[in-house]
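Data block for entry20.cif (mmCIF, C-alpha atoms and all ligand atoms):
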```
data_data
#
loop_
_atom_site.group_PDB
_atom_site.id
_atom_site.type_symbol
_atom_site.label_atom_id
_atom_site.label_comp_id
_atom_site.auth_asym_id
_atom_site.auth_seq_id
_atom_site.Cartn_x
_atom_site.Cartn_y
_atom_site.Cartn_z
ATOM 1 C CA MET T 1 95.722 125.272 133.085
ATOM 2 C CA ARG T 2 93.056 123.190 131.479
ATOM 3 C CA ILE T 3 92.238 119.491 131.493
ATOM 4 C CA GLY T 4 90.451 117.674 128.715
ATOM 5 C CA ALA T 5 90.170 114.567 126.584
ATOM 6 C CA HIS T 6 90.728 113.086 123.145
ATOM 7 C CA VAL T 7 87.220 112.589 121.757
ATOM 8 C CA ASP T 8 85.267 111.385 118.755
ATOM 9 C CA PRO T 9 85.378 114.038 116.011
ATOM 10 C CA ALA T 10 81.636 113.929 115.191
ATOM 11 C CA ALA T 11 80.552 116.322 117.976
ATOM 12 C CA PRO T 12 83.588 117.414 120.009
ATOM 13 C CA LEU T 13 81.818 120.132 122.001
ATOM 14 C CA GLU T 14 79.090 117.721 123.139
ATOM 15 C CA GLU T 15 81.778 115.216 124.084
ATOM 16 C CA ALA T 16 83.565 117.930 126.062
ATOM 17 C CA ALA T 17 80.357 118.855 127.897
ATOM 18 C CA SER T 18 79.619 115.236 128.800
ATOM 19 C CA ARG T 19 83.084 114.940 130.396
ATOM 20 C CA GLY T 20 83.288 118.394 131.950
ATOM 21 C CA ALA T 21 86.378 118.870 129.788
ATOM 22 C CA GLU T 22 87.963 122.300 129.304
ATOM 23 C CA ALA T 23 89.915 121.090 126.270
ATOM 24 C CA VAL T 24 89.281 118.581 123.503
ATOM 25 C CA GLN T 25 91.503 116.929 120.984
ATOM 26 C CA PHE T 26 90.271 115.060 117.924
ATOM 27 C CA PHE T 27 91.239 113.840 114.459
ATOM 28 C CA LEU T 28 89.995 115.671 111.372
ATOM 29 C CA THR T 29 90.189 112.536 109.204
ATOM 30 C CA ASP T 30 90.736 108.792 109.530
ATOM 31 C CA PRO T 31 94.046 108.622 111.449
ATOM 32 C CA GLN T 32 95.249 105.764 109.226
ATOM 33 C CA GLY T 33 94.497 107.523 105.918
ATOM 34 C CA TYR T 34 95.892 110.240 103.656
ATOM 35 C CA LYS T 35 92.621 112.175 103.263
ATOM 36 C CA THR T 36 92.727 115.954 103.224
ATOM 37 C CA PRO T 37 90.407 117.427 105.881
ATOM 38 C CA LYS T 38 87.118 118.937 104.708
ATOM 39 C CA PRO T 39 85.667 122.174 106.121
ATOM 40 C CA ARG T 40 83.497 121.466 109.187
ATOM 41 C CA ASP T 41 79.959 122.759 109.761
ATOM 42 C CA ASP T 42 80.807 123.411 113.396
ATOM 43 C CA ALA T 43 83.930 125.495 112.612
ATOM 44 C CA ALA T 44 82.451 128.739 113.967
ATOM 45 C CA ALA T 45 81.119 127.019 117.086
ATOM 46 C CA LEU T 46 84.527 125.468 117.743
ATOM 47 C CA ARG T 47 86.291 128.792 117.167
ATOM 48 C CA GLU T 48 83.970 130.631 119.530
ATOM 49 C CA SER T 49 83.825 127.939 122.191
ATOM 50 C CA GLU T 50 85.302 128.359 125.663
ATOM 51 C CA VAL T 51 86.709 124.858 125.217
ATOM 52 C CA ASP T 52 90.317 124.765 123.994
ATOM 53 C CA ILE T 53 90.685 122.862 120.740
ATOM 54 C CA TYR T 54 93.605 120.622 119.785
ATOM 55 C CA VAL T 55 93.853 118.609 116.577
ATOM 56 C CA HIS T 56 95.827 115.389 116.244
ATOM 57 C CA ALA T 57 97.400 114.724 112.844
ATOM 58 C CA PRO T 58 96.879 111.244 111.319
ATOM 59 C CA TYR T 59 99.150 108.495 112.619
ATOM 60 C CA ILE T 60 100.412 107.735 109.123
ATOM 61 C CA VAL T 61 102.081 111.147 108.891
ATOM 62 C CA ASN T 62 105.820 110.464 109.016
ATOM 63 C CA VAL T 63 107.740 113.474 107.760
ATOM 64 C CA ALA T 64 110.992 111.838 108.941
ATOM 65 C CA SER T 65 110.714 108.913 106.521
ATOM 66 C CA PRO T 66 113.603 108.348 104.080
ATOM 67 C CA ASN T 67 110.975 106.967 101.655
ATOM 68 C CA ASN T 68 109.814 109.888 99.525
ATOM 69 C CA ARG T 69 106.473 108.174 98.805
ATOM 70 C CA ILE T 70 105.733 108.497 102.522
ATOM 71 C CA ARG T 71 107.675 111.678 103.336
ATOM 72 C CA ILE T 72 106.295 113.958 100.607
ATOM 73 C CA PRO T 73 102.597 113.117 101.133
ATOM 74 C CA SER T 74 103.187 113.356 104.897
ATOM 75 C CA ARG T 75 104.616 116.835 104.558
ATOM 76 C CA LYS T 76 101.672 117.992 102.449
ATOM 77 C CA LEU T 77 99.133 116.302 104.698
ATOM 78 C CA LEU T 78 100.638 117.894 107.780
ATOM 79 C CA MET T 79 100.313 121.325 106.191
ATOM 80 C CA ALA T 80 96.714 120.617 105.088
ATOM 81 C CA HIS T 81 95.831 119.584 108.633
ATOM 82 C CA ALA T 82 97.573 122.654 110.048
ATOM 83 C CA LYS T 83 95.443 124.918 107.846
ATOM 84 C CA ALA T 84 92.236 123.037 108.646
ATOM 85 C CA ALA T 85 93.017 123.029 112.385
ATOM 86 C CA ALA T 86 93.687 126.776 112.330
ATOM 87 C CA GLU T 87 90.224 127.268 110.760
ATOM 88 C CA LEU T 88 88.790 125.723 113.940
ATOM 89 C CA GLY T 89 90.794 128.021 116.193
ATOM 90 C CA ALA T 90 92.936 125.125 117.407
ATOM 91 C CA LYS T 91 95.773 125.910 119.792
ATOM 92 C CA GLY T 92 98.049 123.311 118.241
ATOM 93 C CA LEU T 93 98.400 120.415 115.824
ATOM 94 C CA ILE T 94 99.900 117.338 117.462
ATOM 95 C CA VAL T 95 102.042 115.058 115.328
ATOM 96 C CA HIS T 96 104.145 112.054 116.254
ATOM 97 C CA GLY T 97 107.921 112.369 116.014
ATOM 98 C CA GLY T 98 108.075 109.660 113.347
ATOM 99 C CA HIS T 99 110.767 107.158 112.516
ATOM 100 C CA VAL T 100 113.197 106.291 109.739
ATOM 101 C CA GLY T 101 112.939 102.493 109.781
ATOM 102 C CA LYS T 102 115.316 99.713 110.734
ATOM 103 C CA ASP T 103 118.240 100.236 108.399
ATOM 104 C CA ALA T 104 118.247 104.004 108.037
ATOM 105 C CA ASP T 105 120.350 106.609 109.785
ATOM 106 C CA LEU T 106 118.427 108.756 112.258
ATOM 107 C CA ALA T 107 120.334 111.797 111.016
ATOM 108 C CA THR T 108 118.233 111.537 107.827
ATOM 109 C CA GLY T 109 115.086 111.724 109.930
ATOM 110 C CA PHE T 110 116.173 114.891 111.720
ATOM 111 C CA ASP T 111 117.138 116.471 108.422
ATOM 112 C CA ASN T 112 113.771 115.508 106.945
ATOM 113 C CA TRP T 113 112.045 117.165 109.888
ATOM 114 C CA ARG T 114 113.967 120.356 109.149
ATOM 115 C CA LYS T 115 112.834 120.105 105.513
ATOM 116 C CA ALA T 116 109.216 119.668 106.614
ATOM 117 C CA PHE T 117 109.370 122.998 108.453
ATOM 118 C CA GLU T 118 111.111 124.608 105.469
ATOM 119 C CA TYR T 119 108.324 123.299 103.218
ATOM 120 C CA ALA T 120 105.741 124.807 105.581
ATOM 121 C CA GLU T 121 107.513 128.170 105.421
ATOM 122 C CA SER T 122 107.558 128.019 101.621
ATOM 123 C CA ASP T 123 103.809 127.224 101.653
ATOM 124 C CA GLY T 124 102.755 130.379 103.477
ATOM 125 C CA GLY T 125 104.004 129.470 106.945
ATOM 126 C CA LEU T 126 102.420 127.448 109.724
ATOM 127 C CA PRO T 127 99.110 128.986 110.809
ATOM 128 C CA LEU T 128 99.336 127.395 114.280
ATOM 129 C CA PRO T 129 101.959 125.674 116.431
ATOM 130 C CA ILE T 130 103.014 122.146 115.479
ATOM 131 C CA LEU T 131 103.434 120.114 118.669
ATOM 132 C CA ILE T 132 105.790 117.188 118.129
ATOM 133 C CA GLU T 133 104.867 114.248 120.370
ATOM 134 C CA ASN T 134 107.267 111.695 121.843
ATOM 135 C CA THR T 135 106.523 108.108 120.802
ATOM 136 C CA ALA T 136 106.636 104.767 122.632
ATOM 137 C CA GLY T 137 108.205 102.820 119.787
ATOM 138 C CA GLY T 138 108.925 102.872 116.063
ATOM 139 C CA ASP T 139 112.056 101.557 114.358
ATOM 140 C CA ASN T 140 114.695 104.232 114.776
ATOM 141 C CA ALA T 141 112.232 106.740 116.208
ATOM 142 C CA CYS T 142 113.077 110.455 116.211
ATOM 143 C CA ALA T 143 111.355 111.266 119.507
ATOM 144 C CA ARG T 144 111.391 108.134 121.679
ATOM 145 C CA ARG T 145 114.738 108.421 123.506
ATOM 146 C CA PHE T 146 115.479 111.887 124.777
ATOM 147 C CA ASP T 147 119.068 111.841 123.495
ATOM 148 C CA ASP T 148 117.475 111.549 120.041
ATOM 149 C CA LEU T 149 114.932 114.238 120.930
ATOM 150 C CA ALA T 150 117.878 116.561 121.598
ATOM 151 C CA ARG T 151 119.168 115.948 118.060
ATOM 152 C CA LEU T 152 115.686 116.480 116.646
ATOM 153 C CA TRP T 153 115.464 119.810 118.447
ATOM 154 C CA GLU T 154 118.758 120.944 116.960
ATOM 155 C CA ALA T 155 116.994 120.569 113.608
ATOM 156 C CA VAL T 156 113.563 122.026 114.403
ATOM 157 C CA GLY T 157 113.909 124.247 117.487
ATOM 158 C CA SER T 158 114.688 127.363 115.478
ATOM 159 C CA PHE T 159 111.397 126.969 113.548
ATOM 160 C CA GLY T 160 109.399 127.400 116.752
ATOM 161 C CA ALA T 161 108.367 123.755 117.043
ATOM 162 C CA GLY T 162 106.290 122.925 120.106
ATOM 163 C CA PHE T 163 106.335 119.773 122.207
ATOM 164 C CA CYS T 164 103.638 117.412 123.460
ATOM 165 C CA LEU T 165 104.733 115.054 126.242
ATOM 166 C CA ASP T 166 102.831 111.758 126.367
ATOM 167 C CA THR T 167 103.362 110.040 129.730
ATOM 168 C CA CYS T 168 102.432 106.573 128.400
ATOM 169 C CA HIS T 169 104.835 106.936 125.475
ATOM 170 C CA ALA T 170 107.639 108.202 127.706
ATOM 171 C CA PHE T 171 107.273 105.311 130.163
ATOM 172 C CA ALA T 172 106.840 102.609 127.511
ATOM 173 C CA GLY T 173 109.593 104.287 125.504
ATOM 174 C CA GLY T 174 112.040 103.844 128.367
ATOM 175 C CA GLU T 175 112.223 107.368 129.824
ATOM 176 C CA ASP T 176 111.925 107.669 133.612
ATOM 177 C CA LEU T 177 108.950 109.841 134.602
ATOM 178 C CA VAL T 178 110.739 111.113 137.722
ATOM 179 C CA GLY T 179 112.038 114.576 136.853
ATOM 180 C CA ILE T 180 110.918 114.182 133.237
ATOM 181 C CA VAL T 181 109.643 117.733 132.801
ATOM 182 C CA ASP T 182 113.016 119.240 133.671
ATOM 183 C CA ARG T 183 114.749 116.826 131.286
ATOM 184 C CA VAL T 184 112.386 117.692 128.443
ATOM 185 C CA LYS T 185 112.561 121.427 129.061
ATOM 186 C CA ALA T 186 116.361 121.301 129.081
ATOM 187 C CA ILE T 187 116.046 120.046 125.491
ATOM 188 C CA THR T 188 112.994 121.779 124.035
ATOM 189 C CA GLY T 189 112.623 124.768 126.359
ATOM 190 C CA ARG T 190 108.872 124.144 126.399
ATOM 191 C CA ILE T 191 106.017 121.717 126.953
ATOM 192 C CA ASP T 192 102.859 122.897 125.252
ATOM 193 C CA LEU T 193 100.589 119.983 126.114
ATOM 194 C CA ILE T 194 100.650 116.830 128.233
ATOM 195 C CA HIS T 195 98.995 113.636 127.067
ATOM 196 C CA ALA T 196 98.131 112.220 130.485
ATOM 197 C CA ASN T 197 97.858 108.478 129.924
ATOM 198 C CA ASP T 198 98.633 105.381 131.941
ATOM 199 C CA SER T 199 100.374 102.502 130.148
ATOM 200 C CA LYS T 200 99.276 98.895 129.706
ATOM 201 C CA GLY T 201 102.792 98.076 128.512
ATOM 202 C CA GLY T 202 105.718 97.914 130.903
ATOM 203 C CA PHE T 203 108.651 100.301 131.213
ATOM 204 C CA ASP T 204 110.692 100.401 127.971
ATOM 205 C CA SER T 205 108.336 97.850 126.374
ATOM 206 C CA GLY T 206 107.942 100.011 123.263
ATOM 207 C CA GLN T 207 104.180 99.345 123.408
ATOM 208 C CA ASP T 208 101.782 102.207 122.653
ATOM 209 C CA ARG T 209 98.829 100.971 124.731
ATOM 210 C CA HIS T 210 97.041 103.607 126.781
ATOM 211 C CA ASP T 211 95.209 102.837 130.007
ATOM 212 C CA ASN T 212 93.039 104.741 132.478
ATOM 213 C CA LEU T 213 94.954 106.505 135.230
ATOM 214 C CA GLY T 214 95.822 104.136 138.058
ATOM 215 C CA ASN T 215 94.866 101.057 136.000
ATOM 216 C CA GLY T 216 98.168 100.541 134.210
ATOM 217 C CA LYS T 217 101.844 100.270 135.030
ATOM 218 C CA ILE T 218 102.518 103.947 135.864
ATOM 219 C CA ASP T 219 102.294 105.425 139.370
ATOM 220 C CA PRO T 220 99.535 108.017 138.747
ATOM 221 C CA GLU T 221 101.238 110.441 141.119
ATOM 222 C CA LEU T 222 104.070 110.704 138.576
ATOM 223 C CA ILE T 223 101.558 111.801 135.927
ATOM 224 C CA VAL T 224 100.124 114.390 138.311
ATOM 225 C CA ALA T 225 103.638 115.591 139.151
ATOM 226 C CA ALA T 226 104.473 115.970 135.445
ATOM 227 C CA ILE T 227 101.366 118.089 134.812
ATOM 228 C CA ARG T 228 102.136 120.283 137.810
ATOM 229 C CA ALA T 229 105.784 120.717 136.885
ATOM 230 C CA ALA T 230 105.000 121.468 133.233
ATOM 231 C CA GLY T 231 102.252 123.982 134.036
ATOM 232 C CA ALA T 232 100.742 122.936 130.714
ATOM 233 C CA PRO T 233 97.230 121.859 129.730
ATOM 234 C CA ALA T 234 96.582 118.119 129.831
ATOM 235 C CA VAL T 235 94.481 115.851 127.644
ATOM 236 C CA VAL T 236 93.664 112.247 128.528
ATOM 237 C CA GLU T 237 93.722 109.780 125.623
ATOM 238 C CA THR T 238 92.356 106.959 127.695
ATOM 239 C CA PRO T 239 89.795 104.201 127.079
ATOM 240 C CA GLY T 240 86.312 103.802 128.536
ATOM 241 C CA GLY T 241 84.490 106.520 126.562
ATOM 242 C CA SER T 242 82.890 109.386 128.445
ATOM 243 C CA GLU T 243 82.695 107.472 131.720
ATOM 244 C CA GLY T 244 86.324 106.365 131.780
ATOM 245 C CA GLN T 245 87.648 109.746 130.704
ATOM 246 C CA THR T 246 85.421 111.697 133.107
ATOM 247 C CA ALA T 247 86.913 109.672 135.962
ATOM 248 C CA ASP T 248 90.452 110.366 134.687
ATOM 249 C CA ILE T 249 89.745 114.092 134.363
ATOM 250 C CA SER T 250 88.250 114.227 137.882
ATOM 251 C CA PHE T 251 91.268 112.411 139.271
ATOM 252 C CA LEU T 252 93.643 114.915 137.655
ATOM 253 C CA ARG T 253 91.584 117.913 138.784
ATOM 254 C CA GLU T 254 91.548 116.662 142.355
ATOM 255 C CA ARG T 255 95.225 115.868 142.453
ATOM 256 C CA THR T 256 96.498 118.945 140.596
ATOM 257 C CA GLY T 257 94.078 121.315 142.338
ATOM 258 C CA ARG T 258 92.861 122.747 139.024
HETATM 259 ZN ZN ZN Y 301 99.469 110.892 122.836
#
```
Can the structure from this file be put into structure tokens for me?
Ligand SMILES: [Zn+2]
Amino acid sequence: MRIGAHVDPAAPLEEAASRGAEAVQFFLTDPQGYKTPKPRDDAAALRESEVDIYVHAPYIVNVASPNNRIRIPSRKLLMAHAKAAAELGAKGLIVHGGHVGKDADLATGFDNWRKAFEYAESDGGLPLPILIENTAGGDNACARRFDDLARLWEAVGSFGAGFCLDTCHAFAGGEDLVGIVDRVKAITGRIDLIHANDSKGGFDSGQDRHDNLGNGKIDPELIVAAIRAAGAPAVVETPGGSEGQTADISFLRERTGR
């Protein structure tokens, strides 16, 4: 099982080398924008690299939204990113679970997720696994509380959806990290990737603020235990650039024995 980092998209393989990372995750476009990804000059190098590649979809993608001016572009953008990520040989496209907003019914969000997968099937099918990530907050979020995650999985599980467990989001979202892998797997049957992050925000604070391992509010041994129990690759999305992330990766390697 491999350990890596979320890095700047300009030169992901160089960033991986500088951290001793066996996996990298990056954005293909501005995470706050609706731009369609362009072909990359380093596509062949990424495809042929020993480093495992993961792509993170833009944050603004919200396929659960009841607002069709957000939902429809999100659906299309997700598919465009899936195709572009597959061109790079990525192992998965990570996307946040999304939310429906204050006054809407979460059932709409789960149904919209189902429609997003149906759209993908009608558009040639997903060329790589979509890994839905749990979130720390969001008004009426689809994948913050695990009782909601269970309803989401009733909608998307049959499409082969994958799951990315973010330890910061789980903790800040109000899910106990003790025994978390078993609780997730009872719902999704799988954990494809761990986002191994400490949290600046407190338990159930709803704050999405990542910290370096051991610096925040989470007992780092619980993050190590989650990686071990999941048997999944882990990516740190922590601050401090190469130096901060190299230290986090070394810590995880030491503690997990990888
Ligand atoms: Zn994450």
Taking all atoms listed in the file into account, name the residue in T:Ile187, T:Ala234, T:Leu77, T:Leu126 that is nearest to Ile249 of chain T.
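Of all the options, T:Ala234 lies closest to Ile249 of chain T.
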Could I get the residue neighbourhood of ligand ZN 301 (chain Y) at 8 Å, counting all atoms listed in the file, as a ChimeraX atom specification?
/T:133-135,164-169,195-197,237
Report, in Å with one decimal, the straight-line distance from atom CA of Ile53 of chain T to atom CA of Gly20 of chain T.
14.2 Å
Tell me, as JSON, numbers by chain, which residues lie within 8 Å of Ser65 of chain T, counting all atoms listed in the file; anything in the same chain fewer than 6 positions away does not count.
{"T": [71, 98, 99, 100, 101, 109, 112]}
Resulting file, chosen residues, C-alpha atoms, as an mmCIF file, keeping the file's coordinate frame:
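Okay, this is what ended up in out12.cif:
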```cif
data_model
loop_
_atom_site.group_PDB
_atom_site.id
_atom_site.type_symbol
_atom_site.label_atom_id
_atom_site.label_comp_id
_atom_site.auth_asym_id
_atom_site.auth_seq_id
_atom_site.Cartn_x
_atom_site.Cartn_y
_atom_site.Cartn_z
ATOM 1 C CA ARG T 71 107.675 111.678 103.336
ATOM 2 C CA GLY T 98 108.075 109.660 113.347
ATOM 3 C CA HIS T 99 110.767 107.158 112.516
ATOM 4 C CA VAL T 100 113.197 106.291 109.739
ATOM 5 C CA GLY T 101 112.939 102.493 109.781
ATOM 6 C CA GLY T 109 115.086 111.724 109.930
ATOM 7 C CA ASN T 112 113.771 115.508 106.945
#
```
So what does the PyMOL selection byres (((chain T and resi 50) around 12) and not hetatm) actually pick up in this one, as a ChimeraX atom specification?
/T:2,13,16-17,20-24,45-49,51-53,89-90
Among listed residues T:Asn212, T:Ser250, T:Gln25, T:Gln32, nearest Asp8 of chain T (using only C-alpha atoms):
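Result for the nearest residue to Asp8 of chain T: T:Gln25.
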Suppose you want the space between atom CA of Ala143 of chain T and atom CA of Leu128 of chain T; what is it in Å?
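Atom-to-atom, atom CA of Ala143 of chain T and atom CA of Leu128 of chain T are spaced 20.8 Å apart.
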Restricting the calculation to all atoms listed in the file: of T:Ala120, T:Arg258, T:Trp113, T:Ile94, which residue gets closest to His6 of chain T?
T:Ile94
Return as lines of an AutoDock Vina configuration file the centre and edge lengths, in Å with one decimal, of the box along x, y and z that encloses every atom of segment 191-204 of chain T in the file, padded by 6 Å per side.
```
center_x = 104.3
center_y = 110.4
center_z = 128.6
size_x = 24.8
size_y = 37.0
size_z = 18.7
```
Check which residues satisfy the PyMOL selection byres (((chain T and resi 56) around 8) and not hetatm) in the file shown, then give them as an mmCIF file with C-alpha atoms, keeping the file's coordinate frame.
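What ended up in selection_13.cif:
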```cif
data_model
loop_
_atom_site.group_PDB
_atom_site.id
_atom_site.type_symbol
_atom_site.label_atom_id
_atom_site.label_comp_id
_atom_site.auth_asym_id
_atom_site.auth_seq_id
_atom_site.Cartn_x
_atom_site.Cartn_y
_atom_site.Cartn_z
ATOM 1 C CA GLN T 25 91.503 116.929 120.984
ATOM 2 C CA PHE T 26 90.271 115.060 117.924
ATOM 3 C CA PHE T 27 91.239 113.840 114.459
ATOM 4 C CA LEU T 28 89.995 115.671 111.372
ATOM 5 C CA TYR T 54 93.605 120.622 119.785
ATOM 6 C CA VAL T 55 93.853 118.609 116.577
ATOM 7 C CA ALA T 57 97.400 114.724 112.844
ATOM 8 C CA PRO T 58 96.879 111.244 111.319
ATOM 9 C CA LEU T 93 98.400 120.415 115.824
ATOM 10 C CA ILE T 94 99.900 117.338 117.462
ATOM 11 C CA VAL T 95 102.042 115.058 115.328
#
```
Give me the result of the PyMOL selection byres (((chain T and resi 102) around 10) and not hetatm) on this file, residue by residue, as a PDB file with C-alpha atoms, keeping the file's coordinate frame.
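Contents of out.pdb, freshly written:
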```pdb
ATOM      1  CA  HIS T  99     110.767 107.158 112.516  1.00  0.00           C
ATOM      2  CA  VAL T 100     113.197 106.291 109.739  1.00  0.00           C
ATOM      3  CA  GLY T 101     112.939 102.493 109.781  1.00  0.00           C
ATOM      4  CA  ASP T 103     118.240 100.236 108.399  1.00  0.00           C
ATOM      5  CA  ALA T 104     118.247 104.004 108.037  1.00  0.00           C
ATOM      6  CA  ASP T 105     120.350 106.609 109.785  1.00  0.00           C
ATOM      7  CA  LEU T 106     118.427 108.756 112.258  1.00  0.00           C
ATOM      8  CA  GLY T 138     108.925 102.872 116.063  1.00  0.00           C
ATOM      9  CA  ASP T 139     112.056 101.557 114.358  1.00  0.00           C
ATOM     10  CA  ASN T 140     114.695 104.232 114.776  1.00  0.00           C
ATOM     11  CA  ALA T 141     112.232 106.740 116.208  1.00  0.00           C
TER      12      ALA T 141
END
```
What is the atom CA of Cys142 of chain T to atom CA of Thr36 of chain T distance in Å?
24.8 Å
Closest of T:Val184, T:Leu252, T:Glu118, T:Arg144 to Gly160 of chain T - atom-to-atom distances counting all atoms listed in the file
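When distances to Gly160 of chain T are compared using all atoms listed in the file, the smallest one comes from T:Glu118.
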Using all atoms listed in the file, which of T:Gly4, T:Gly189, T:Pro12, T:Gly174 sits nearest Ala150 of chain T?
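Checking each candidate against Ala150 of chain T, we get T:Gly189 as the closest.
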Could you add whatever atoms are missing so that segment 188-205 of chain T carries N, CA and C atoms, then write the result as a PDB file, in the coordinates of the input?
```
ATOM      1  N   THR T 188     113.911 121.055 124.921  1.00  0.00           N
ATOM      2  CA  THR T 188     112.994 121.779 124.035  1.00  0.00           C
ATOM      3  C   THR T 188     112.718 123.211 124.509  1.00  0.00           C
ATOM      4  N   GLY T 189     112.946 123.452 125.803  1.00  0.00           N
ATOM      5  CA  GLY T 189     112.623 124.768 126.359  1.00  0.00           C
ATOM      6  C   GLY T 189     111.145 124.956 126.620  1.00  0.00           C
ATOM      7  N   ARG T 190     110.322 123.953 126.259  1.00  0.00           N
ATOM      8  CA  ARG T 190     108.872 124.144 126.399  1.00  0.00           C
ATOM      9  C   ARG T 190     108.129 122.809 126.409  1.00  0.00           C
ATOM     10  N   ILE T 191     106.994 122.805 127.091  1.00  0.00           N
ATOM     11  CA  ILE T 191     106.017 121.717 126.953  1.00  0.00           C
ATOM     12  C   ILE T 191     104.676 122.411 126.753  1.00  0.00           C
ATOM     13  N   ASP T 192     104.093 122.200 125.608  1.00  0.00           N
ATOM     14  CA  ASP T 192     102.859 122.897 125.252  1.00  0.00           C
ATOM     15  C   ASP T 192     101.618 122.143 125.699  1.00  0.00           C
ATOM     16  N   LEU T 193     101.744 120.820 125.790  1.00  0.00           N
ATOM     17  CA  LEU T 193     100.589 119.983 126.114  1.00  0.00           C
ATOM     18  C   LEU T 193     101.107 118.677 126.708  1.00  0.00           C
ATOM     19  N   ILE T 194     100.336 118.163 127.694  1.00  0.00           N
ATOM     20  CA  ILE T 194     100.650 116.830 128.233  1.00  0.00           C
ATOM     21  C   ILE T 194      99.557 115.875 127.792  1.00  0.00           C
ATOM     22  N   HIS T 195      99.935 114.733 127.262  1.00  0.00           N
ATOM     23  CA  HIS T 195      98.995 113.636 127.067  1.00  0.00           C
ATOM     24  C   HIS T 195      99.103 112.762 128.310  1.00  0.00           C
ATOM     25  N   ALA T 196      98.087 112.869 129.172  1.00  0.00           N
ATOM     26  CA  ALA T 196      98.131 112.220 130.485  1.00  0.00           C
ATOM     27  C   ALA T 196      97.507 110.828 130.390  1.00  0.00           C
ATOM     28  N   ASN T 197      98.336 109.850 130.118  1.00  0.00           N
ATOM     29  CA  ASN T 197      97.858 108.478 129.924  1.00  0.00           C
ATOM     30  C   ASN T 197      98.651 107.516 130.785  1.00  0.00           C
ATOM     31  N   ASP T 198      97.946 106.504 131.326  1.00  0.00           N
ATOM     32  CA  ASP T 198      98.633 105.381 131.941  1.00  0.00           C
ATOM     33  C   ASP T 198      99.017 104.405 130.818  1.00  0.00           C
ATOM     34  N   SER T 199      99.825 103.409 131.161  1.00  0.00           N
ATOM     35  CA  SER T 199     100.374 102.502 130.148  1.00  0.00           C
ATOM     36  C   SER T 199     100.062 101.046 130.499  1.00  0.00           C
ATOM     37  N   LYS T 200      99.478 100.343 129.525  1.00  0.00           N
ATOM     38  CA  LYS T 200      99.276  98.895 129.706  1.00  0.00           C
ATOM     39  C   LYS T 200     100.606  98.160 129.568  1.00  0.00           C
ATOM     40  N   GLY T 201     101.479  98.692 128.722  1.00  0.00           N
ATOM     41  CA  GLY T 201     102.792  98.076 128.512  1.00  0.00           C
ATOM     42  C   GLY T 201     103.757  98.482 129.614  1.00  0.00           C
ATOM     43  N   GLY T 202     104.740  97.642 129.853  1.00  0.00           N
ATOM     44  CA  GLY T 202     105.718  97.914 130.903  1.00  0.00           C
ATOM     45  C   GLY T 202     106.740  98.962 130.500  1.00  0.00           C
ATOM     46  N   PHE T 203     107.601  99.321 131.461  1.00  0.00           N
ATOM     47  CA  PHE T 203     108.651 100.301 131.213  1.00  0.00           C
ATOM     48  C   PHE T 203     109.563  99.819 130.082  1.00  0.00           C
ATOM     49  N   ASP T 204     109.812 100.682 129.115  1.00  0.00           N
ATOM     50  CA  ASP T 204     110.692 100.401 127.971  1.00  0.00           C
ATOM     51  C   ASP T 204     110.197  99.242 127.097  1.00  0.00           C
ATOM     52  N   SER T 205     108.889  98.947 127.177  1.00  0.00           N
ATOM     53  CA  SER T 205     108.336  97.850 126.374  1.00  0.00           C
ATOM     54  C   SER T 205     108.179  98.241 124.911  1.00  0.00           C
TER      55      SER T 205
END
```
